[in-house]
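Report on the following structure.
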Amino acid sequence: MDFTAGEARLIRECEELADLAAASDWLEEPQFGKNADGLLTWSFVLLAGERRISLLLVFPALFPDLPPFVLPADSSVRLSQHQYGEGGELCLQYRPDNWHPDCKSKDVVRSAKALLEATPKDDAFSDVDSAHPADLPSLLSGCSRRFMLPPDTARLLRLRLAGHATDIHMTLERRVGGSEVLVARIASIGLDSGVRVPIDGAGFGGRVVPGVLYRLPDIRQIPDLHPEELKGLLYQYLPSWLRKWVEDAGDMLVVMSNGRREVLLRVRHNGSKRKIDLFQTFEPPKAIERRLHGKTFRESSICIIGAGSLGSKVAASLAREGVGHFMLLDNDVLWSDNLVRNELDEMDVGHHKAVSLRHRLLRINPAVKVGALGMSLTSQSAVQHIAQLSEIISTCDLVIDTTADSGVFRMAAAVCTQKRKPLVWGRVYAGGLGGLIARSIPSEDPPPLTAATQLRAWCDEKGMAPPEGREHNYGVQGDDDDEPLFASDGDVGVIANRLARHALDALATTDMRVHPEPAYFIGLRKGWIFDHPFDTHPVIFSPHEGWEKGSTSCAEEGVERVMTHLGVQDDA
């Protein structure tokens, strides 16, 4: 029989493993087999001191390009801190990052022997140094109950007096994937004048549940025991009066601290039966500012008109960029057919878009300040909202119109001109052909309505009007009986990302700007004025005055002057 090179290598490896077992007094019961995934395995018993440890060596499908791995035969066993969760593979000397053709499977077995011999009996902590930095996600993969405790929050907990119990509130965020995972975080400390935790604390979302903080008065060290032993021992550390209080409460989260280390227990009672769960306490990585100018926009306030496909994506992007204050205006409700492009998801269906988008932004950045108002600017009552819109815009640094509604744009443009506020707007053209992003900044560009007129004139010179389409939701009807062609989520996302960048440029100084021109027609596919995808046409506005306060609308004092001129009496 002719074997491939990989098969021949695998045969040699197996023969060498058999020779190793025959020549060693620390290997017993060797046996080749095949697992449920059809992979070749070699089971054996490793003798490490007085221990007999059943292990399984597995040859991956990509062997010999990747090394075989070793894991406990019992999927519930934790043998070492150099292991990827209970029942997971051991982290050995030979790994995918340093495996090479000269390495042998028998070397992997010897590496497992060295690791487990250095691990004391009934103790998962060995003296073997890690060959690479600790991988927190991998360590947490085997933990279904997690207590995330940043250093600043831990310091607040440790300020409480020893031996006393303090009321706290925590958030519990539940996710169900291959298994249920609970993540607990401290929300507040104390009831009346509760100490609010830092920004890296509870976040926004999750179920808020009551708990108690107890600082152990005389315990110098929380022992390193198996979780099943540790949780029972820690519960007995609580004074009898506190245990009675916890039992009467039925279900309770208990944070215990010795001033240097914190653990979290969830205690549940069902009649006379008590169940205690121990959470794995971990410190998240220190947050790193990954935005180039994040601090610059933290104090900025933006009013976004429209929380649809384009507006929701722009808002989410700006929240990630560090913008600190938002006012969202939209009176529409999210429906299932909106989900193909909107930043929101199925949990928001049936809710007003502006309110749901507020929750979404808080999930992105819990420190952001967001207001949401179901204000309709497209209905017959829109005129009645002018005063309210004017008041909102006067408190913002920037206004963004994402509605593609000419009436809404005119209203926002007029108020921005009167209040001397910059306006940014965007459009996604039918069928995802491309889009427009534009800005009008006082003292730099003509007022928004004038800028829009110049954009229309620019298109007229090309001899073609923008493809607005005859269908809603960025759609355009094809030839004959073809189905309408709609802009995809990716199409809207491209214009949204550029519109968000355009908005940041409007807030930034000129030396920080990425887009030097005030307006761009951006092509996503061939058609209209676009010769190819990403064909971009910048537009430079001609100078125009008109930003003088009150130049485009009649303010209250202007009305009084007109009434005086007409000789009309004020009946108010």
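In the structure tokens, chains take letters A, B, ... by order of appearance, with residues numbered from 1 within each chain and ligands from 1 in the order shown.
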For Gly250 of chain A, find every residue with an atom within 8 Å (counting only C-alpha atoms), except residues of its own chain fewer than 3 positions away, and show them as a PyMOL selection string. chain A and resi 246-247+267-270
Write out as a PyMOL selection string each polymer residue whose atoms come within 9 Å of Ala412 of chain A, counting only C-alpha atoms; drop sequence neighbours fewer than 2 positions from it. chain A and resi 305+389-390+393+399-401+407-410+414-417+423+448
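Distances here use only C-alpha atoms; by that measure, the residue among A:Pro150, A:Ile189, A:Cys14, A:Tyr214 closest to Gly33 of chain A is A:Cys14.
Across the structure, atom CA of Asn338 of chain A and atom CA of Asp491 of chain A are spaced 14.9 Å apart.
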Out of segment 183-361 of chain A, which residues get helix (DSSP H, G or I) from DSSP, as a tab-separated table (two decimals) with C-alpha atoms, in the first residue's frame?
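Written file, out-v6.tsv:
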```tsv
chain	number	residue	atom	x	y	z
A	227	PRO	CA	-14.06	25.69	44.20
A	228	GLU	CA	-16.41	23.10	45.71
A	229	GLU	CA	-14.48	23.20	49.00
A	230	LEU	CA	-13.82	26.94	48.96
A	231	LYS	CA	-17.42	28.10	48.54
A	232	GLY	CA	-18.63	26.10	51.53
A	233	LEU	CA	-15.76	27.27	53.71
A	234	LEU	CA	-16.27	30.93	52.78
A	235	TYR	CA	-19.97	30.75	53.58
A	236	GLN	CA	-19.11	29.52	57.06
A	237	TYR	CA	-16.82	32.55	57.49
A	240	SER	CA	-24.43	33.78	62.05
A	241	TRP	CA	-26.55	36.93	61.92
A	242	LEU	CA	-25.50	37.61	58.35
A	243	ARG	CA	-26.11	34.00	57.28
A	244	LYS	CA	-29.60	34.25	58.79
A	245	TRP	CA	-30.24	37.46	56.85
A	246	VAL	CA	-29.03	35.86	53.61
A	247	GLU	CA	-31.21	32.80	54.20
A	248	ASP	CA	-34.28	34.97	54.83
A	249	ALA	CA	-33.61	36.84	51.60
A	294	GLY	CA	-11.16	60.66	21.65
A	295	LYS	CA	-10.69	63.20	24.43
A	296	THR	CA	-11.31	66.04	22.01
A	297	PHE	CA	-14.93	65.03	21.44
A	309	SER	CA	-30.56	52.91	9.00
A	310	LEU	CA	-28.16	55.77	8.34
A	311	GLY	CA	-28.75	57.68	11.57
A	312	SER	CA	-28.42	54.67	13.86
A	313	LYS	CA	-25.08	53.68	12.32
A	314	VAL	CA	-23.75	57.24	12.49
A	315	ALA	CA	-24.75	57.54	16.15
A	316	ALA	CA	-23.09	54.24	17.08
A	317	SER	CA	-19.88	55.19	15.28
A	318	LEU	CA	-19.71	58.58	16.99
A	319	ALA	CA	-20.28	56.98	20.40
A	320	ARG	CA	-17.32	54.70	19.73
A	336	SER	CA	-38.84	43.67	11.60
A	337	ASP	CA	-38.17	44.71	8.00
A	338	ASN	CA	-35.95	47.55	9.28
A	339	LEU	CA	-33.45	45.06	10.72
A	340	VAL	CA	-31.68	44.48	7.39
A	346	GLU	CA	-34.85	42.21	17.14
A	347	MET	CA	-35.20	43.10	20.83
A	348	ASP	CA	-36.06	46.66	19.75
A	353	LYS	CA	-36.22	54.03	17.34
A	354	ALA	CA	-34.87	57.04	19.23
A	355	VAL	CA	-35.42	55.45	22.67
A	356	SER	CA	-33.97	52.11	21.56
A	357	LEU	CA	-30.97	53.82	19.99
A	358	ARG	CA	-30.36	55.60	23.29
A	359	HIS	CA	-30.05	52.21	24.99
A	360	ARG	CA	-27.75	51.02	22.22
A	361	LEU	CA	-25.37	53.96	22.68
```
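Using only C-alpha atoms, the shortest contact distance between Arg175 of chain A and any of A:Arg145, A:Ala452, A:Arg155, A:Leu115 is found at A:Arg145.
For segment 250-291 of chain A, backbone-based DSSP labels the following residues as strand (DSSP E or B): Asp251, Met252, Leu253, Val254, Val255, Met256, Ser257, Glu262, Val263, Leu264, Leu265, Arg266, Val267, Arg268, His269, Asn270, Lys273, Arg274, Lys275, Ile276, Asp277, Leu278, Phe279, Gln280, Thr281 and Phe282 of chain A.
Reported to one decimal place, the separation of atom CA of Ser406 of chain A from atom CA of Gly527 of chain A is 23.7 Å.
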Quick one: pull the distance between atom CA of Pro447 of chain A and atom CA of Leu507 of chain A, Å, one decimal. 16.5 Å
List as number ranges by chain the protein and nucleic acid residues near segment 544-546 of chain A, meaning an atom at most 12 Å away when only C-alpha atoms are counted, but skip any in the same chain fewer than 3 places from it. A: 414, 416-420, 440-451, 453-454, 541, 549-553
Would you mind listing what lies within 12 Å of Pro284 of chain A as a PyMOL selection string, with only C-alpha atoms counted and same-chain residues fewer than 2 positions away left out? chain A and resi 135-137+140+146-154+183+185+200-201+281-282+286-288
Which segment 389-425 of chain A residues have any atom within 7 Å of an atom of segment 298-302 of chain A, and for each, what is the nearest pair of atoms with distance in Å to one decimal, counting only C-alpha atoms, rows sorted by chain and number, as a tab-separated table?
```
residue	atom	partner	partner_atom	distance
A:Cys396	CA	A:Ser301	CA	5.0
A:Asp397	CA	A:Ser301	CA	5.3
A:Leu398	CA	A:Ile302	CA	4.9
A:Val399	CA	A:Ile302	CA	5.8
```
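In this comparison, which uses only C-alpha atoms, the residue of A:Trp26, A:Glu7, A:Phe279, A:Asn98 approaching Leu62 of chain A most closely is A:Glu7.
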Set the distance at 10 Å and use only C-alpha atoms: which residues neighbour segment 536-540 of chain A once local chain neighbours fewer than 6 positions away are removed? I'd like the list as number ranges by chain. A: 434-438, 445, 451, 454-455, 458, 515-524, 529-530
Can you pull out the residues contacting Arg158 of chain A? Cut-off 12 Å, using only C-alpha atoms, and skip same-chain residues under 3 positions away; I want them as JSON, numbers by chain. {"A": [151, 152, 153, 154, 155, 161, 162, 163, 164, 165, 166, 189, 213, 214, 215, 216, 217, 255, 256, 257, 258, 259, 260, 261, 262]}
